[in-house]
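Colleague: Input run08.txt, format and content: compact mmCIF, C-alpha atoms.
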# COMPACT_ATOMS: atom_id res chain seq x y z
CA MET A 1 4.55 -7.83 -10.71
CA ARG A 2 1.50 -6.15 -9.23
CA ARG A 3 -2.03 -7.23 -10.12
CA ASN A 4 -2.91 -3.67 -11.23
CA ASP A 5 -2.10 -0.03 -10.53
CA GLU A 6 -4.61 0.34 -7.69
CA MET A 7 -3.49 0.15 -4.08
CA THR A 8 -5.21 -1.82 -1.35
CA LEU A 9 -6.48 0.00 1.75
CA GLY A 10 -7.36 -1.29 5.20
CA LEU A 11 -8.71 0.54 8.23
CA TYR A 12 -7.01 -0.11 11.57
CA LEU A 13 -9.92 -0.19 14.06
CA THR A 14 -8.27 0.96 17.26
CA ARG A 15 -10.08 0.41 20.54
CA GLY A 16 -9.56 4.02 21.55
CA ALA A 17 -10.78 7.29 20.05
CA GLY A 18 -8.01 7.11 17.48
CA TYR A 19 -4.45 5.84 17.01
CA HIS A 20 -2.93 8.78 18.87
CA PRO A 21 -2.98 8.31 22.67
CA GLY A 22 -4.16 11.92 23.08
CA ALA A 23 -7.21 11.35 20.87
CA TRP A 24 -9.66 10.53 23.64
CA ARG A 25 -9.15 13.97 25.22
CA ASP A 26 -9.55 15.86 21.94
CA PRO A 27 -12.70 18.01 21.65
CA SER A 28 -13.37 16.55 18.19
CA THR A 29 -13.84 12.99 19.48
CA PRO A 30 -16.77 11.60 21.43
CA ALA A 31 -16.10 10.06 24.84
CA HIS A 32 -14.92 6.57 23.92
CA ARG A 33 -17.15 3.69 24.94
CA GLY A 34 -15.02 0.57 24.76
CA ALA A 35 -17.93 -1.86 24.48
CA ASP A 36 -20.12 0.14 22.10
CA ILE A 37 -20.95 -1.88 18.98
CA ASP A 38 -22.51 1.14 17.28
CA GLN A 39 -19.24 3.05 17.40
CA TYR A 40 -17.39 0.26 15.58
CA ALA A 41 -20.26 -0.26 13.14
CA ASP A 42 -20.23 3.44 12.20
CA LEU A 43 -16.47 3.31 11.48
CA ALA A 44 -16.83 0.12 9.44
CA ALA A 45 -19.65 1.74 7.46
CA LEU A 46 -17.44 4.75 6.68
CA ALA A 47 -14.68 2.47 5.42
CA GLU A 48 -17.08 0.28 3.46
CA GLY A 49 -18.69 3.31 1.86
CA ALA A 50 -15.23 4.28 0.60
CA ALA A 51 -14.59 0.72 -0.74
CA PHE A 52 -11.76 -0.06 1.72
CA HIS A 53 -10.68 -3.67 1.37
CA PHE A 54 -10.91 -4.52 5.07
CA VAL A 55 -11.11 -3.38 8.66
CA PHE A 56 -8.28 -4.62 10.86
CA LEU A 57 -8.81 -5.24 14.57
CA PRO A 58 -5.66 -5.45 16.74
CA ASP A 59 -5.63 -7.26 20.08
CA HIS A 60 -3.74 -8.03 23.26
CA GLN A 61 -4.90 -10.56 25.85
CA GLY A 62 -4.52 -8.17 28.74
CA VAL A 63 -3.82 -4.53 29.48
CA ILE A 64 -0.52 -3.63 27.84
CA ALA A 65 0.38 -0.50 29.80
CA ASP A 66 2.52 0.25 32.79
CA HIS A 67 0.85 1.27 36.04
CA ALA A 68 1.75 4.96 35.78
CA ALA A 69 0.17 5.27 32.33
CA MET A 70 -2.80 2.96 32.80
CA ALA A 71 -5.15 5.55 34.28
CA ARG A 72 -4.43 8.00 31.47
CA VAL A 73 -4.79 5.88 28.30
CA SER A 74 -7.88 4.90 26.37
CA GLY A 75 -8.32 1.60 24.60
CA ILE A 76 -7.70 -0.55 27.66
CA ASP A 77 -11.31 -1.73 27.46
CA GLY A 78 -12.95 -3.21 24.41
CA PHE A 79 -14.21 -6.25 22.55
CA GLU A 80 -12.42 -9.48 21.72
CA PRO A 81 -11.84 -9.33 17.93
CA ILE A 82 -13.71 -12.40 16.64
CA THR A 83 -16.71 -11.56 18.81
CA LEU A 84 -16.82 -7.98 17.51
CA LEU A 85 -16.22 -8.89 13.87
CA SER A 86 -18.91 -11.57 14.03
CA ALA A 87 -21.34 -8.85 15.07
CA LEU A 88 -20.07 -6.51 12.36
CA SER A 89 -20.51 -9.25 9.74
CA SER A 90 -24.28 -8.71 9.99
CA ARG A 91 -23.95 -4.92 9.74
CA THR A 92 -21.68 -4.82 6.68
CA GLN A 93 -21.94 -6.31 3.20
CA ASN A 94 -18.60 -6.21 1.39
CA ILE A 95 -15.71 -5.14 3.58
CA GLY A 96 -13.21 -7.71 4.85
CA LEU A 97 -12.94 -8.46 8.57
CA VAL A 98 -9.41 -9.04 9.94
CA ALA A 99 -9.23 -10.53 13.44
CA THR A 100 -5.99 -10.58 15.40
CA ALA A 101 -5.45 -13.80 17.36
CA THR A 102 -2.29 -15.02 19.06
CA THR A 103 -0.66 -18.39 18.48
CA THR A 104 1.12 -18.18 21.84
CA TYR A 105 -1.90 -18.36 24.15
CA SER A 106 -4.55 -20.04 21.98
CA GLN A 107 -5.22 -23.58 20.80
CA PRO A 108 -5.40 -24.46 17.08
CA TYR A 109 -8.68 -26.38 17.12
CA GLN A 110 -10.52 -23.65 19.00
CA LEU A 111 -9.19 -20.87 16.79
CA ALA A 112 -9.75 -22.80 13.54
CA ARG A 113 -13.38 -23.25 14.54
CA LEU A 114 -13.87 -19.59 15.49
CA LEU A 115 -12.32 -18.26 12.28
CA ALA A 116 -14.22 -20.74 10.10
CA SER A 117 -17.41 -19.59 11.82
CA LEU A 118 -16.56 -15.94 11.09
CA ASP A 119 -15.90 -16.77 7.43
CA HIS A 120 -19.29 -18.49 7.16
CA LEU A 121 -21.10 -15.70 9.01
CA SER A 122 -19.59 -13.08 6.71
CA ARG A 123 -19.96 -15.18 3.54
CA GLY A 124 -16.25 -15.24 2.87
CA ARG A 125 -14.91 -11.97 4.28
CA ALA A 126 -12.80 -13.20 7.21
CA ALA A 127 -9.06 -12.88 7.73
CA TRP A 128 -6.70 -13.90 10.52
CA ASN A 129 -3.91 -11.59 11.64
CA ILE A 130 -1.44 -14.18 12.94
CA VAL A 131 0.60 -12.86 15.86
CA THR A 132 2.83 -14.20 18.57
CA SER A 133 2.21 -12.66 21.98
CA ALA A 134 4.85 -10.07 22.74
CA SER A 135 4.42 -8.98 26.34
CA ASN A 136 4.86 -10.44 29.79
CA PHE A 137 1.56 -8.74 30.64
CA GLU A 138 -0.05 -11.44 28.51
CA ALA A 139 2.11 -14.28 29.81
CA GLN A 140 1.10 -13.49 33.38
CA ASN A 141 -2.56 -13.94 32.46
CA PHE A 142 -1.86 -17.51 31.36
CA GLY A 143 0.06 -18.90 34.30
CA GLU A 144 3.54 -17.87 33.15
CA LYS A 145 5.94 -15.29 34.57
CA GLU A 146 7.35 -14.33 31.19
CA LEU A 147 7.02 -15.09 27.51
CA PRO A 148 8.77 -17.96 25.77
CA ASP A 149 11.77 -16.67 23.83
CA HIS A 150 11.38 -15.12 20.39
CA ASP A 151 12.44 -18.16 18.32
CA THR A 152 10.30 -20.55 20.36
CA ARG A 153 7.25 -18.35 19.80
CA TYR A 154 7.80 -18.43 16.05
CA ALA A 155 8.37 -22.19 15.99
CA ARG A 156 5.05 -22.67 17.80
CA ALA A 157 3.36 -20.19 15.44
CA ARG A 158 4.53 -22.04 12.34
CA GLU A 159 3.18 -25.37 13.60
CA PHE A 160 0.00 -23.67 14.86
CA VAL A 161 -0.79 -22.27 11.40
CA GLU A 162 -0.17 -25.61 9.71
CA VAL A 163 -2.56 -27.33 12.13
CA VAL A 164 -5.26 -24.70 11.60
CA LYS A 165 -4.97 -24.95 7.82
CA GLY A 166 -5.11 -28.73 8.08
CA LEU A 167 -8.29 -28.52 10.15
CA TRP A 168 -9.89 -26.20 7.60
CA ASP A 169 -9.11 -28.86 4.97
CA THR A 170 -10.51 -31.90 6.82
CA TRP A 171 -13.86 -31.58 5.05
CA GLN A 172 -13.86 -31.23 1.27
CA ASP A 173 -15.91 -28.36 -0.11
CA ASP A 174 -18.80 -30.59 -1.19
CA ALA A 175 -18.71 -33.06 1.72
CA PHE A 176 -22.01 -31.96 3.26
CA ILE A 177 -24.73 -33.40 1.00
CA ARG A 178 -27.68 -33.03 3.37
CA ASP A 179 -29.87 -35.21 1.13
CA LYS A 180 -33.16 -36.01 2.85
CA ARG A 181 -34.21 -38.63 0.32
CA SER A 182 -31.10 -40.78 0.68
CA GLY A 183 -30.64 -40.02 4.35
CA ILE A 184 -27.00 -39.01 3.72
CA TYR A 185 -26.02 -35.84 5.54
CA ALA A 186 -22.27 -35.92 4.84
CA ASP A 187 -20.13 -37.96 2.47
CA ALA A 188 -17.68 -39.74 4.77
CA THR A 189 -15.29 -40.38 1.88
CA LYS A 190 -14.72 -36.61 1.76
CA LEU A 191 -13.61 -36.42 5.37
CA HIS A 192 -9.88 -36.49 6.12
CA LEU A 193 -8.71 -36.78 9.73
CA LEU A 194 -5.75 -34.55 10.44
CA ASN A 195 -4.08 -36.75 13.09
CA HIS A 196 -1.36 -34.17 13.71
CA ARG A 197 1.49 -34.98 16.10
CA GLY A 198 4.14 -32.31 16.43
CA ASN A 199 6.53 -30.61 18.84
CA HIS A 200 3.86 -28.28 20.21
CA PHE A 201 0.45 -29.78 19.34
CA SER A 202 -1.40 -33.04 19.09
CA VAL A 203 -4.69 -32.61 17.20
CA ARG A 204 -6.84 -35.38 15.75
CA GLY A 205 -9.70 -33.47 14.07
CA PRO A 206 -12.02 -33.27 12.24
CA LEU A 207 -13.34 -29.73 12.58
CA ASN A 208 -17.05 -29.64 13.37
CA ILE A 209 -17.92 -27.02 10.78
CA ALA A 210 -17.80 -27.11 6.98
CA ARG A 211 -14.76 -25.83 5.10
CA PRO A 212 -14.69 -21.99 5.09
CA PRO A 213 -16.15 -20.27 2.00
CA GLN A 214 -12.70 -18.90 1.08
CA GLY A 215 -11.00 -22.25 1.67
CA TYR A 216 -8.91 -20.45 4.25
CA PRO A 217 -9.68 -17.03 5.69
CA VAL A 218 -7.04 -14.62 4.36
CA LEU A 219 -3.78 -15.00 6.31
CA VAL A 220 -2.34 -11.71 7.56
CA GLN A 221 1.06 -11.42 9.19
CA ALA A 222 3.23 -8.63 10.59
CA GLY A 223 6.80 -9.91 10.64
CA THR A 224 9.83 -7.65 10.25
CA SER A 225 12.48 -9.40 12.35
CA ASP A 226 14.51 -12.05 10.50
CA ALA A 227 12.27 -14.78 11.89
CA GLY A 228 9.19 -12.68 11.20
CA ILE A 229 10.13 -12.01 7.56
CA ALA A 230 10.79 -15.70 6.97
CA PHE A 231 7.40 -16.56 8.50
CA ALA A 232 5.61 -13.84 6.52
CA ALA A 233 7.22 -15.04 3.27
CA GLU A 234 6.01 -18.56 4.01
CA VAL A 235 2.41 -17.95 5.14
CA GLY A 236 1.47 -14.26 4.88
CA GLU A 237 -0.93 -13.16 2.15
CA VAL A 238 -1.24 -9.63 3.53
CA VAL A 239 1.76 -8.35 5.48
CA PHE A 240 1.29 -5.41 7.85
CA THR A 241 4.56 -3.62 8.57
CA ALA A 242 5.93 -0.39 10.05
CA GLU A 243 8.18 1.43 7.58
CA PRO A 244 8.50 5.19 8.22
CA ALA A 245 11.12 5.81 5.49
CA LEU A 246 10.93 5.17 1.75
CA GLU A 247 14.33 3.51 1.31
CA SER A 248 13.90 1.06 4.20
CA GLY A 249 10.40 0.33 2.91
CA LYS A 250 11.77 -0.51 -0.54
CA ARG A 251 14.36 -2.83 0.98
CA TYR A 252 11.76 -4.61 3.10
CA TYR A 253 9.40 -4.97 0.14
CA ALA A 254 12.11 -6.40 -2.13
CA THR A 255 13.40 -8.76 0.56
CA LEU A 256 9.98 -10.15 1.41
CA LYS A 257 8.95 -10.63 -2.21
CA GLU A 258 12.26 -12.34 -2.99
CA LYS A 259 11.93 -14.74 -0.06
CA ALA A 260 8.33 -15.53 -0.99
CA ARG A 261 9.33 -16.07 -4.63
CA ALA A 262 12.04 -18.52 -3.52
CA LEU A 263 9.29 -20.55 -1.85
CA GLY A 264 7.36 -20.72 -5.12
CA ARG A 265 4.89 -17.97 -4.32
CA GLU A 266 3.75 -15.32 -6.79
CA ASP A 267 4.41 -11.64 -6.06
CA ASN A 268 0.74 -10.67 -6.29
CA GLN A 269 -0.20 -13.30 -3.69
CA VAL A 270 1.83 -11.53 -0.98
CA LEU A 271 0.60 -7.97 -0.41
CA VAL A 272 2.80 -5.61 1.61
CA MET A 273 0.74 -3.00 3.49
CA PRO A 274 2.68 -0.67 5.80
CA GLY A 275 0.84 1.47 8.32
CA ILE A 276 0.22 5.15 7.67
CA VAL A 277 -0.99 7.76 10.18
CA PRO A 278 -2.55 10.58 8.12
CA ILE A 279 -3.41 13.88 9.80
CA VAL A 280 -5.35 15.77 7.16
CA GLY A 281 -5.94 19.50 7.01
CA ARG A 282 -7.30 21.70 4.27
CA THR A 283 -4.12 23.70 4.84
CA LYS A 284 -0.71 22.68 6.16
CA GLN A 285 -1.26 24.89 9.22
CA GLU A 286 -4.60 23.27 10.02
CA ALA A 287 -3.05 19.80 9.91
CA SER A 288 -0.12 20.91 12.10
CA GLU A 289 -2.51 22.40 14.65
CA LYS A 290 -4.42 19.12 14.83
CA LEU A 291 -1.22 17.25 15.69
CA GLN A 292 -0.14 19.89 18.21
CA ARG A 293 -3.49 19.63 19.96
CA LEU A 294 -3.17 15.85 20.23
CA GLN A 295 0.37 16.20 21.58
CA SER A 296 -0.73 18.70 24.21
CA ASN A 297 -3.39 16.23 25.40
CA THR A 298 -0.86 13.44 26.02
CA HIS A 299 0.51 13.23 29.57
CA ILE A 300 4.23 12.59 30.10
CA ASP A 301 3.44 9.29 31.86
CA VAL A 302 1.68 8.10 28.70
CA LEU A 303 4.58 9.23 26.51
CA ILE A 304 7.07 7.34 28.65
CA GLY A 305 4.84 4.29 28.96
CA GLU A 306 4.35 4.06 25.18
CA ALA A 307 8.06 4.45 24.44
CA SER A 308 9.03 1.95 27.12
CA LEU A 309 6.61 -0.61 25.67
CA TRP A 310 7.74 -0.28 22.05
CA LEU A 311 11.42 -0.26 23.01
CA GLY A 312 10.85 -3.53 24.83
CA SER A 313 10.85 -2.36 28.48
CA VAL A 314 14.63 -2.76 28.62
CA ILE A 315 15.29 0.67 30.14
CA ASP A 316 13.64 2.73 32.88
CA LEU A 317 12.74 5.91 31.01
CA HIS A 318 11.59 7.57 34.24
CA SER A 319 15.23 7.71 35.34
CA VAL A 320 16.94 8.95 32.16
CA ASN A 321 17.74 12.53 31.19
CA LEU A 322 15.13 13.10 28.50
CA ASP A 323 17.28 15.73 26.82
CA SER A 324 20.22 13.35 26.34
CA LEU A 325 20.81 11.56 23.03
CA VAL A 326 19.31 8.12 22.55
CA PRO A 327 22.09 5.49 22.53
CA GLU A 328 22.64 3.54 19.33
CA ALA A 329 21.96 0.22 21.05
CA LEU A 330 19.92 -1.14 23.96
CA PRO A 331 19.69 -4.65 25.43
CA GLN A 332 17.74 -6.90 23.05
CA THR A 333 14.09 -7.21 23.93
CA ASN A 334 11.88 -10.30 24.01
CA PHE A 335 9.02 -8.01 22.92
CA ILE A 336 8.89 -6.84 19.26
CA GLN A 337 12.56 -6.91 18.31
CA SER A 338 12.09 -5.40 14.86
CA ARG A 339 10.23 -2.36 16.23
CA GLN A 340 12.93 -1.71 18.81
CA LYS A 341 15.55 -1.80 16.04
CA LEU A 342 13.48 0.43 13.75
CA LEU A 343 13.10 3.08 16.45
CA LEU A 344 16.75 2.98 17.50
CA ASP A 345 17.91 3.21 13.88
CA LEU A 346 15.64 6.18 13.32
CA ALA A 347 16.85 7.90 16.47
CA ALA A 348 20.49 7.38 15.46
CA ARG A 349 19.88 8.66 11.94
CA GLU A 350 18.06 11.79 13.15
CA LYS A 351 20.23 12.25 16.29
CA PHE A 352 17.13 12.24 18.50
CA THR A 353 17.08 12.99 22.21
CA TRP A 354 14.97 10.75 24.40
CA ARG A 355 12.31 13.48 24.51
CA GLN A 356 12.11 13.59 20.72
CA LEU A 357 11.96 9.82 20.41
CA ILE A 358 9.19 9.33 22.95
CA ARG A 359 7.18 12.02 21.18
CA LEU A 360 7.62 10.23 17.85
CA VAL A 361 6.59 6.91 19.39
CA SER A 362 3.46 8.53 20.80
CA ASP A 363 2.56 10.09 17.46
CA SER A 364 3.07 7.05 15.23
CA ARG A 365 4.62 4.01 17.04
CA GLY A 366 7.12 3.89 14.20
CA HIS A 367 4.59 3.96 11.35
CA ARG A 368 4.72 6.59 8.61
CA LEU A 369 3.23 9.85 9.97
CA VAL A 370 2.06 12.29 7.26
CA VAL A 371 0.75 15.68 8.36
CA GLY A 372 -0.60 17.99 5.66
CA THR A 373 -3.09 18.65 2.91
CA PRO A 374 -4.91 15.92 0.96
CA ASP A 375 -2.53 16.49 -1.96
CA LYS A 376 0.52 15.97 0.23
CA ILE A 377 -0.83 12.80 1.79
CA ALA A 378 -1.83 11.41 -1.61
CA ASP A 379 1.60 12.36 -3.00
CA THR A 380 3.30 10.40 -0.22
CA MET A 381 1.12 7.32 -0.65
CA VAL A 382 1.47 7.27 -4.43
CA ASP A 383 5.23 7.75 -4.21
CA VAL A 384 5.62 4.83 -1.77
CA PHE A 385 3.31 2.69 -3.92
CA ASP A 386 4.92 3.55 -7.26
CA GLN A 387 8.45 2.99 -5.95
CA ASN A 388 7.60 -0.58 -4.87
CA ALA A 389 7.67 0.01 -1.15
CA ALA A 390 4.01 -0.99 -0.67
CA ASP A 391 1.06 -2.67 -2.36
CA GLY A 392 -1.27 -0.56 -0.24
CA PHE A 393 -1.66 0.82 3.26
CA ASN A 394 -3.26 0.08 6.59
CA VAL A 395 -4.71 3.47 7.52
CA LEU A 396 -4.38 4.37 11.21
CA PRO A 397 -6.45 7.54 11.79
CA ALA A 398 -5.09 9.66 14.63
CA THR A 399 -8.67 10.38 15.69
CA VAL A 400 -12.03 8.75 14.95
CA PRO A 401 -14.45 9.39 13.51
CA GLY A 402 -13.05 12.80 12.46
CA GLY A 403 -9.66 11.67 11.19
CA LEU A 404 -11.23 8.83 9.20
CA LYS A 405 -13.87 11.15 7.71
CA ASP A 406 -11.13 13.58 6.65
CA PHE A 407 -9.25 10.77 4.92
CA VAL A 408 -12.35 9.36 3.21
CA GLU A 409 -13.73 12.74 2.09
CA LEU A 410 -10.47 14.46 1.14
CA VAL A 411 -7.71 11.93 0.41
CA VAL A 412 -9.62 9.01 -1.17
CA PRO A 413 -11.08 11.20 -3.98
CA GLU A 414 -7.57 12.45 -4.75
CA LEU A 415 -6.26 8.88 -4.95
CA ARG A 416 -9.11 8.00 -7.31
CA ARG A 417 -8.44 11.05 -9.47
CA ARG A 418 -4.92 9.69 -9.95
CA GLY A 419 -6.20 6.20 -10.77
CA LYS A 420 -4.70 4.67 -7.61
CA PHE A 421 -7.78 3.49 -5.72
CA ARG A 422 -11.03 1.81 -6.71
CA SER A 423 -14.54 3.22 -6.32
CA ARG A 424 -16.47 -0.01 -5.69
CA TYR A 425 -16.14 -3.69 -4.72
CA PHE A 426 -15.58 -6.18 -7.51
CA GLY A 427 -15.70 -9.53 -5.69
CA GLU A 428 -17.94 -11.27 -3.19
CA THR A 429 -15.19 -12.55 -0.90
CA LEU A 430 -12.20 -10.79 0.64
CA ARG A 431 -9.87 -13.01 -1.39
CA GLU A 432 -11.57 -11.93 -4.60
CA ASN A 433 -11.36 -8.26 -3.67
CA LEU A 434 -7.67 -8.60 -2.83
CA GLY A 435 -6.88 -10.61 -5.96
CA LEU A 436 -5.85 -13.63 -3.90
CA LYS A 437 -6.46 -17.19 -5.06
CA ARG A 438 -8.89 -19.43 -3.22
CA SER A 439 -7.02 -21.93 -1.05
CA VAL A 440 -6.79 -25.46 -2.43
CA ASN A 441 -7.68 -28.33 -0.09
CA ARG A 442 -4.45 -30.22 0.60
CA PHE A 443 -6.20 -33.60 0.68
CA THR A 444 -7.98 -33.03 -2.63
CA GLN A 445 -4.76 -31.74 -4.17
CA ALA A 446 -2.87 -34.80 -2.92
CA SER A 447 -5.43 -37.20 -4.42
CA VAL A 448 -5.29 -35.40 -7.78
CA SER A 449 -1.49 -35.51 -7.81
CA ARG A 450 -1.56 -39.30 -7.24
CA ARG A 451 -3.72 -39.97 -10.29
CA PRO A 452 -1.91 -41.66 -13.23
In structure tokens, write the structure found in this file.

Modeller:
Amino acid sequence: MRRNDEMTLGLYLTRGAGYHPGAWRDPSTPAHRGADIDQYADLAALAEGAAFHFVFLPDHQGVIADHAAMARVSGIDGFEPITLLSALSSRTQNIGLVATATTTYSQPYQLARLLASLDHLSRGRAAWNIVTSASNFEAQNFGEKELPDHDTRYARAREFVEVVKGLWDTWQDDAFIRDKRSGIYADATKLHLLNHRGNHFSVRGPLNIARPPQGYPVLVQAGTSDAGIAFAAEVGEVVFTAEPALESGKRYYATLKEKARALGREDNQVLVMPGIVPIVGRTKQEASEKLQRLQSNTHIDVLIGEASLWLGSVIDLHSVNLDSLVPEALPQTNFIQSRQKLLLDLAAREKFTWRQLIRLVSDSRGHRLVVGTPDKIADTMVDVFDQNAADGFNVLPATVPGGLKDFVELVVPELRRRGKFRSRYFGETLRENLGLKRSVNRFTQASVSRRP
């Protein structure tokens, strides 16, 4: 059962001028400056002022766009997530900081150290969005022609996470005494070498930083393929998913909770947060005009590039008849398999042409797009929440700062009026604000369990 009747909210901090690829050309948005800390700080302040639980920073290790679209898309320049969120930790007080970092082209020791540092800098507000790299654009930046296959990436990810958690546990919480009188800086009996030897990694430890304030930074995951759901049920504490329809969202929610429960996890320790793209207008017509303006600002090369990417680059969309129906199946991708399936299922259900599908991908990438008045958007969110298809939402504003301001000023008060969203922070750490338990040190737990 849920912890309470209030939903959790996160803000997806896109690198561009908004989640919609046409946002950067919209008159309502400032010219995007990819490496402008003030721009990100202003957005984080808006979200924190509204008591959002966290800001969520996505990432790719490279430019994920085809050559034809590259010159016409924003967001291809920007900060590395942990660097940016470390800076934002000193310009925020309460809001959580979710950094995306890949297990495919990182090393566990390095990433464990970076994330522990972020948790200390923020006094317990860090989270790690655990991803596997999903594009050959990334592979080719790390000496490979193409990605490892889907199952291999998840096998590496599972071991990677276990190593990172083990490194966070190598010092007990009270290991660092720093007693000048006795001359003891750290209690060596409270140090536990990891000495990990596995199929993918060999890591001795210990980590050269104290255990994170939260025990572990909050673990975020985004799995919707079979392998992804199994991984999310095992390690995810917040699960970011794309579910544009209520019934499929309810099925996903029930499946994930059931799998997590079978592993001995409590329902309220696994929070499902699908993405939502709200386009808010004081009238339905105003909201529709906002979307139409964004669509008119999006070049056909960008539309095709976006659709090709999310469908897994398994078809040359420049050569298809855009007014023909989308086929029910395409060759399986090594990119994000679940998103390809979601989009193809949607196209089959709605009998979409290619032109209609690529427009939908551009507008929402498969997330729930809601265009309308504050009441309508709140109605949709509450309905999804109350019918057990979500514990909250990751909000993806089509434009920033305007789209975020509209949501904060118009939708959030309506959610509060209905008793569905909080008005202030109640905890000091992200875990406390999400209702998640502090992580227990495996070595301490093992020693307690051995006692007679």

Colleague: Given 3 Å of margin on each side, can you work out the centre and size in Å (one decimal) of an axis-aligned box holding every listed atom of stretch 381-395 of chain A, as AutoDock Vina command-line options?

Modeller:
--center_x 1.9 --center_y 2.5 --center_z 0.1 --size_x 19.2 --size_y 16.4 --size_z 20.8

Colleague: Which residue out of A:Asp316, A:Glu432, A:Glu409, A:Glu328 has the minimum interatomic distance to A:Gly49 when only C-alpha atoms are used?

Modeller: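 When distances to A:Gly49 are compared using only C-alpha atoms, the smallest one comes from A:Glu409.
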
Colleague: Report the distance between atom CA of A:Ser364 and atom CA of A:His20 in Å, rounded to one decimal place.

Modeller: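 Here the two named atoms are 7.2 Å from each other.
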
Colleague: Which one is closest to A:Leu167: A:Lys341, A:Ser106, A:Asn441, A:Leu147? Count all atoms listed in the file.

Modeller: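 Smallest distance to A:Leu167 is found for A:Asn441.
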
Colleague: Considering all atoms listed in the file, can you say which of A:Gly124, A:Pro327, A:Gly143, A:Gly62 comes closest to A:Thr353?

Modeller: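 Looking at the shortest contact to A:Thr353, the residue is A:Pro327.
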
Colleague: List the spatial neighbours of A:Thr399 as a compact mmCIF listing (two decimals) with C-alpha atoms, in the frame of the given file - criterion: any atom at most 7 Å away, only C-alpha atoms, same-chain residues fewer than 2 positions off excluded.

Modeller:
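What ended up in around-v6.txt:
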# COMPACT_ATOMS: atom_id res chain seq x y z
CA ALA A 17 -10.78 7.29 20.05
CA GLY A 18 -8.01 7.11 17.48
CA TYR A 19 -4.45 5.84 17.01
CA HIS A 20 -2.93 8.78 18.87
CA ALA A 23 -7.21 11.35 20.87
CA THR A 29 -13.84 12.99 19.48
CA PRO A 397 -6.45 7.54 11.79
CA PRO A 401 -14.45 9.39 13.51
CA GLY A 402 -13.05 12.80 12.46
CA GLY A 403 -9.66 11.67 11.19

Colleague: Could you tell me which of A:Phe240, A:Phe54, A:Phe421, A:Trp171 comes closest to A:Gly223 if we count all atoms listed in the file?

Modeller: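 Closest to A:Gly223, using all atoms listed in the file: A:Phe240.
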
Colleague: At what distance in Å, to one decimal, does atom CA of A:Ala329 lie from atom CA of A:Ser296?

Modeller: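 The value is 29.4 Å.
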
Colleague: Which polymer residues, protein or nucleic acid, are no farther than 12 Å from (-19.4, -35.7, 3.2), counting only C-alpha atoms, as number ranges by chain?

Modeller: A: 170-179, 184-192, 206, 209-211

Colleague: Give me the residues within 10 Å of A:Asp38 as a list in words, counting only C-alpha atoms and dropping any in the same chain fewer than 5 places off.

Modeller: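 Near neighbours after the sequence-gap exclusion: Arg33, Leu43, Ala44, Leu88 and Arg91 of chain A.
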
Colleague: In Å to one decimal, how far is atom CA of A:Asp151 from atom CA of A:Ala230?

Modeller: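 Atom CA of A:Asp151 lies 11.7 Å from atom CA of A:Ala230.
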
Colleague: Looking at A:Leu317, A:Val280, A:Ala112, A:Ala127, which one is nearest to A:Lys405, with distances taken over all atoms listed in the file?

Modeller: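 For A:Lys405, the nearest of the given residues is A:Val280.
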